[in-house]
Amino acid sequence: MRCTKEWVLKSDINNQKSLVDRLLEVRGIVSEDAKREFLHPLEITLTHPNAFCDMHKAVERIVRAIDEKENILIYGDFDADGVTSTSLLLKTFRFLGAQVDFYIPNRETEGHGLNTKALIKLMSQKQPKLIITVDNGISNNEEVRFIKSFGRDIIITDHHEAPEELPEAYAIINPKAMNALDEKLTAMQIEYLTSLAGVGVAFKLAQGVLEKYDKLDFSYEILPYVTVGTIADIVPLIGENRYFVTKGLELIASGKHYGLKRMLDVAGVNVENGLTSEQVAFSIAPRVNASGRIDTVDAAIKLMTSDNKQEIEMAIITLENFNKIRQELCATTFEEADAMWKSTGMRDNAIVLFNKDWHIGIVGIVASKFVEKYYKPAFIMTYHEETKQYRCSARGVKELNLYDIMSVVSELFDGYGGHQLAGGFSFSEEKATFEVVKKALNQTIDEMLNGQKLNPSLDIDLELDIKDIDISLVEEINKLEPFGASNPSPTFAIKNLTLKQKKLMGSTKDHLKLIIDTPNGSKDCVWWSRGDIPLIAGDKLDIAFAPQLNTFNGTTDIQLIIKDIHSDALVEEEKSEIKIYDHRKKTNIFAQVDDYIKNSKLGISVFVEDLKIKEALKPYRNISESIVNRQTACKNDVLMFFDYPCDDDVCTNLKQTVCASALHYMNYQNYKADEEALLKSFASMIKYCCNNLEGNFVLLRGASALGVSEEVIETLLEVFQDCGMIKIELRGDEAYKIEFSAGVELSKALHSIKYAEFVELMNTINDYKNNFMVIDL
């Protein structure tokens with residue numbers, strides 16, 4: 001089923017302004033100075049490396065290590081940010097004649113950050129006098145103490161959130177660490193520095209060292225690393241990051257870095273008209289990341305740092321193979337996981353799945369695919385035999401903070417970390433089983449949502465008219481390049497278009513092409529990986545899109561890349577997939593239903609509150625064992641109505657609680673309530689409540705037990721107070737506090753003023769239940 005997206009128009013800005021001005025204002029850029037800086041990123045003044053308080057100390061220590069030929073070890077990370085950071089310092093230090101080597105941990109066996117076991121080997125084999133971390137280390141207090149115990153110095157460069165207690169490193173270069181930046185910096189400079197990727201921070205350190213040797217021109221040799229790492233790590237493209245990416249894209253496209261340019265060629269990216277951040281994000285970044293996900297990053301490091309063209313070509317072949325393996329693994333794993341999720345009935349508010357054979361390197365990507373498809377938090381787990389741990393990668397939605405979710409149940413984990421939209425954890429069976437963790441995650445998310453439904457949304461920058469769509473539109477949009485986090489490629493909306501033709505494209509017919517009528521002729525719209533949708537020629541539709549130039553047979557025209565469609569013609573597809581089964585005219589089927597419940601793999605709830613119906617179902621064990629009431633109902637695949645709720649509120653709440661994908665409506669024999677018998681049952685409840693529950697009468701409990709509304713219960717309490725049996729001491733929304741006064745003849749109740757109101761309410765319930773036998777389901 002297609003997931004309906006709510007369109008959120010960012011701002012209704014005066015359309016008399018230029019398109020660029022309107023788009024800038026949507027991004028919060030309103031002053032003339034801010035606009036000028038944003039539109040001319042190469043004119044941005046970069047903050048001096050000494051803006052970091054520890055920079056001078058770090059540079060002096062590195063210069064001493066280089067001059068005295070001490071062994072330097074760069075300790076990196078296995079994602080694209082970590083690989084480019086490592087490559088940047090390697091290239092810089094080698095250029096300066098340093099004795100330098102690197103180490104990047106294995107994703108599967110060591111994970112992120114400094115690792116004590118690895119450090120023991122490195123101390124012995126590499127014998128470094130100075131260790132420099134890139135893109136990690138800010139949380140490794142214990143490991144830093146371990147390094148210092150060997151008499152070695154460590155400089156930490158990182159960009160992740162810093163803990164209150166910082167490691168006792170020789171120097172810390174992290175803009176997010178306490179007291180790390182010069183207090184004289186402006187708020188804007190601080191914002192720019194805290195937006196740096198790990199590779200941006202490493203670049204600042206490299207510049208500080210290069211300046212010391214009066215070789216700052218080498219900065220342009222290493223700038224392409226900053227470009228790739230900044231784009232891949234999805235940090236905000238504001239301030240200095242815009243400079244790094246803009247200048248770096250120019251350098252890569254011009255062939256300044258042979259390996260990166262060759263990778264673009266192999267990936268089929270044409271850079272004749274320049275290179276974009278999106279092209280780097282979809283070609284270079286996945287291939288570099290694939291090496292760390294599938295194997296080691298050796299090939300990626302060679303691609304970045306080698307001067308041997310043959311070695312670079314071999315590295316590209318290796319990365320291409322890793323990327324294909326990654327794609328195949330992602331596709332097969334997601335297919336397996338999706339089938340597993342569907343088999344659960346997809347009722348939970350979180351997707352929590354486990355398979356010991358899934359590869360740790362791709363479970364995060366699979367989790368992202370689940371969020372994209374179902375818009376629910378996804379926790380995808382595998383098992384690591386060596387450590388005997390379950391390991392999870394999680395992806396979230398904007399309505400829920402993933403880190404907060406994990407924090408609530410953190411006592412079950414051996415370790416966890418992340419932020420609002422991404423994270424992970426590990427746990428061993430000594431602490432918890434998979435089922436316990438799954439239940440805890442689901443329960444936490446249910447409590448956080450508190451009945452709120454998760455609905456995906458799509459941000460729309462501006463609403464346009466069809467006459468605005470021409471080649472100049474793309475030219476105007478390109479002035480806002482480079483695009484990325486905090487400056488996404490604009491999304492527009494056009495309403496009330498008419499569909500002329502629909503086609504499916506691609507070898508597997510995965511892509512959708514729509515041709516729409518406009519006053520200036522037809523326009524092509526493409527919806528990648530969407531498949532078919534129930535639209536026909538003549539249908540009216542609103543589209544959310546990004547414009548793109550398309551050249552075919554020497555002619556360049558504009559085509560619209562669809563992000564979403566709203567149309568009355570799609571309403572049927574948007575309807576709930578709940579299946580309705582109508583058995584109301586069937587009799588003598590209890591044995592058949594009992595057998596069905598016994599053999600079904602689905603979870604089935606049978607709603608019954610009427611005591612006589614319960615009695616009639618007693619001979620049918622499987623039906624009886626599946627009976628729930630409004631209090632005991634919980635999520636399940638199927639909900640069967642052998643009895644019908646007493647009013648709309650109970651009916652709606654019941655369906656929302658069970659969240660079933662199938663509803664069965666059974667033949668119903670309404671046993672009209674015997675008011676006097678009900679009075680006797682209620683009198684027994686009152687005595688029990690006063691003798692055993694200190695007079696706390698919970699309205700829902702009483703209503704469910706008698707199969708009536710809470711209004712009936714409140715009225716009955718009034719009736720018995722009128723009779724003198726009880727005194728109501730306190731009235732609450734959910735419970736009453738009552739006190740037993742005296743035993744009375746129940747016939748007295750018949751003369752209470754409230755008794756007639758009670759009878760009328762019971763007649764209303766009777767009519768409501770009987771109506772289920774005739775309504776159109």
# chains A, B, ... in the order shown; residues from 1 in each chain; ligands from 1
>>> residues_around(residues="stretch 745-749 of chain A", least_positions_apart="6", cutoff="8 Å", atoms="only C-alpha atoms", output="PDB file with N, CA and C atoms, in the first residue's frame")
ATOM      1  N   LEU A 679     -28.877  -5.603  38.048  1.00  0.00           N
ATOM      2  CA  LEU A 679     -28.798  -4.922  39.351  1.00  0.00           C
ATOM      3  C   LEU A 679     -28.158  -5.813  40.397  1.00  0.00           C
ATOM      4  N   LYS A 680     -28.516  -7.098  40.387  1.00  0.00           N
ATOM      5  CA  LYS A 680     -27.947  -8.036  41.362  1.00  0.00           C
ATOM      6  C   LYS A 680     -26.435  -8.164  41.162  1.00  0.00           C
ATOM      7  N   VAL A 719     -27.980   5.303  41.265  1.00  0.00           N
ATOM      8  CA  VAL A 719     -29.169   4.554  41.682  1.00  0.00           C
ATOM      9  C   VAL A 719     -28.964   3.977  43.085  1.00  0.00           C
ATOM     10  N   PHE A 720     -27.803   3.355  43.303  1.00  0.00           N
ATOM     11  CA  PHE A 720     -27.562   2.704  44.598  1.00  0.00           C
ATOM     12  C   PHE A 720     -27.290   3.722  45.717  1.00  0.00           C
ATOM     13  N   ASP A 722     -29.030   6.565  45.762  1.00  0.00           N
ATOM     14  CA  ASP A 722     -30.402   6.973  46.055  1.00  0.00           C
ATOM     15  C   ASP A 722     -31.077   5.977  46.992  1.00  0.00           C
ATOM     16  N   CYS A 723     -30.732   4.680  46.822  1.00  0.00           N
ATOM     17  CA  CYS A 723     -31.347   3.631  47.648  1.00  0.00           C
ATOM     18  C   CYS A 723     -30.787   3.589  49.065  1.00  0.00           C
ATOM     19  N   TYR A 755     -33.337   5.316  37.998  1.00  0.00           N
ATOM     20  CA  TYR A 755     -33.544   3.994  37.415  1.00  0.00           C
ATOM     21  C   TYR A 755     -34.083   4.098  35.986  1.00  0.00           C
TER      22      TYR A 755
END
>>> residues_around(residues="stretch 59-67 of chain A", least_positions_apart="3", cutoff="12 Å", atoms="only C-alpha atoms", output="number ranges by chain")
A: 49-50, 52-56, 70-74, 89, 92-100, 128-132, 152-155, 170-173, 202, 204-213
>>> atom_distance(atom1="atom CA of A:Leu706", atom2="atom CA of A:Lys754")
18.4 Å
>>> select_by_dssp(residues="stretch 156-224 of chain A", states="strand (DSSP E)", output="list in words")
Ile156, Thr157, Ala171, Ile172 and Ile173 of chain A
>>> write_last_selection(atoms="C-alpha atoms", output="PDB file, in the first residue's frame")
ATOM      1  CA  ILE A 156      42.241  13.559  19.102  1.00  0.00           C
ATOM      2  CA  THR A 157      40.526  15.084  16.085  1.00  0.00           C
ATOM      3  CA  ALA A 171      45.487  17.856  22.488  1.00  0.00           C
ATOM      4  CA  ILE A 172      41.836  17.749  21.450  1.00  0.00           C
ATOM      5  CA  ILE A 173      40.692  19.273  18.168  1.00  0.00           C
TER       6      ILE A 173
END
>>> residues_around(residues="A:Ala683", least_positions_apart="6", cutoff="12 Å", atoms="only C-alpha atoms", output="list of chain:residue names")
A:Glu676, A:Ala677, A:Cys689, A:Cys690, A:Gly702, A:Ile713, A:Leu716, A:Leu717, A:Val719, A:Phe720, A:Gln721, A:Cys723, A:Met725, A:Ile726, A:Phe740, A:Ala742, A:Gly743, A:Val744, A:Glu745, A:Leu746, A:Ala749
>>> closest_residue(among="A:Gly538, A:Gly531, A:Gly724, A:Gly418", to="A:Leu504", atoms="only C-alpha atoms")
A:Gly531
>>> residues_around(residues="A:His566", least_positions_apart="4", cutoff="8 Å", atoms="only C-alpha atoms", output="compact mmCIF listing (two decimals) with N, CA, C and O atoms, in the first residue's frame")
# COMPACT_ATOMS: atom_id res chain seq x y z
N LEU A 541 -4.30 15.67 -11.15
CA LEU A 541 -3.33 15.35 -10.11
C LEU A 541 -2.51 16.57 -9.73
O LEU A 541 -2.34 17.51 -10.52
N ASP A 542 -2.03 16.57 -8.47
CA ASP A 542 -1.06 17.54 -7.98
C ASP A 542 0.27 16.80 -7.86
O ASP A 542 0.30 15.65 -7.39
N ILE A 543 1.35 17.43 -8.27
CA ILE A 543 2.65 16.74 -8.18
C ILE A 543 3.64 17.55 -7.37
O ILE A 543 3.67 18.78 -7.41
N LEU A 570 -6.30 8.37 -6.63
CA LEU A 570 -5.49 7.46 -5.81
C LEU A 570 -6.14 7.16 -4.46
O LEU A 570 -5.56 6.44 -3.66
>>> residues_around(residues="A:Ser149", least_positions_apart="6", cutoff="12 Å", atoms="only C-alpha atoms", output="ChimeraX atom specification")
/A:119-120,123,142-143,168-169
>>> atom_distance(atom1="atom CA of A:Met188", atom2="atom CA of A:Ile44")
12.2 Å
>>> atom_distance(atom1="atom CA of A:Asn636", atom2="atom CA of A:Val658")
5.3 Å
>>> select_by_dssp(residues="stretch 177-401 of chain A", states="helix (DSSP H, G or I)", output="PyMOL selection string")
chain A and resi 187-194+198-212+216-232+240-253+258-266+277-294+298-305+309-343+363-374
>>> closest_residue(among="A:Asn241, A:Asn323, A:Thr194, A:Thr632", to="A:Pro41", atoms="only C-alpha atoms")
A:Asn241
>>> closest_residue(among="A:Ile316, A:Val698, A:Ile365, A:Ile284", to="A:Thr333", atoms="only C-alpha atoms")
A:Ile365
>>> residues_around(residues="A:Glu481", least_positions_apart="3", cutoff="10 Å", atoms="only C-alpha atoms", output="PyMOL selection string")
chain A and resi 38-41+237+242+245-246+276-278+477-478+484+487-489
>>> residues_around(residues="A:Arg395", least_positions_apart="6", cutoff="7 Å", atoms="only C-alpha atoms", output="list in words")
Ala367, Ser368, Val371, Pro377, Ala378, Phe379, Leu421, Ala422 and Gly423 of chain A
>>> closest_residue(among="A:Phe492, A:Tyr390, A:Phe427, A:Tyr581", to="A:Leu19", atoms="only C-alpha atoms")
A:Phe492
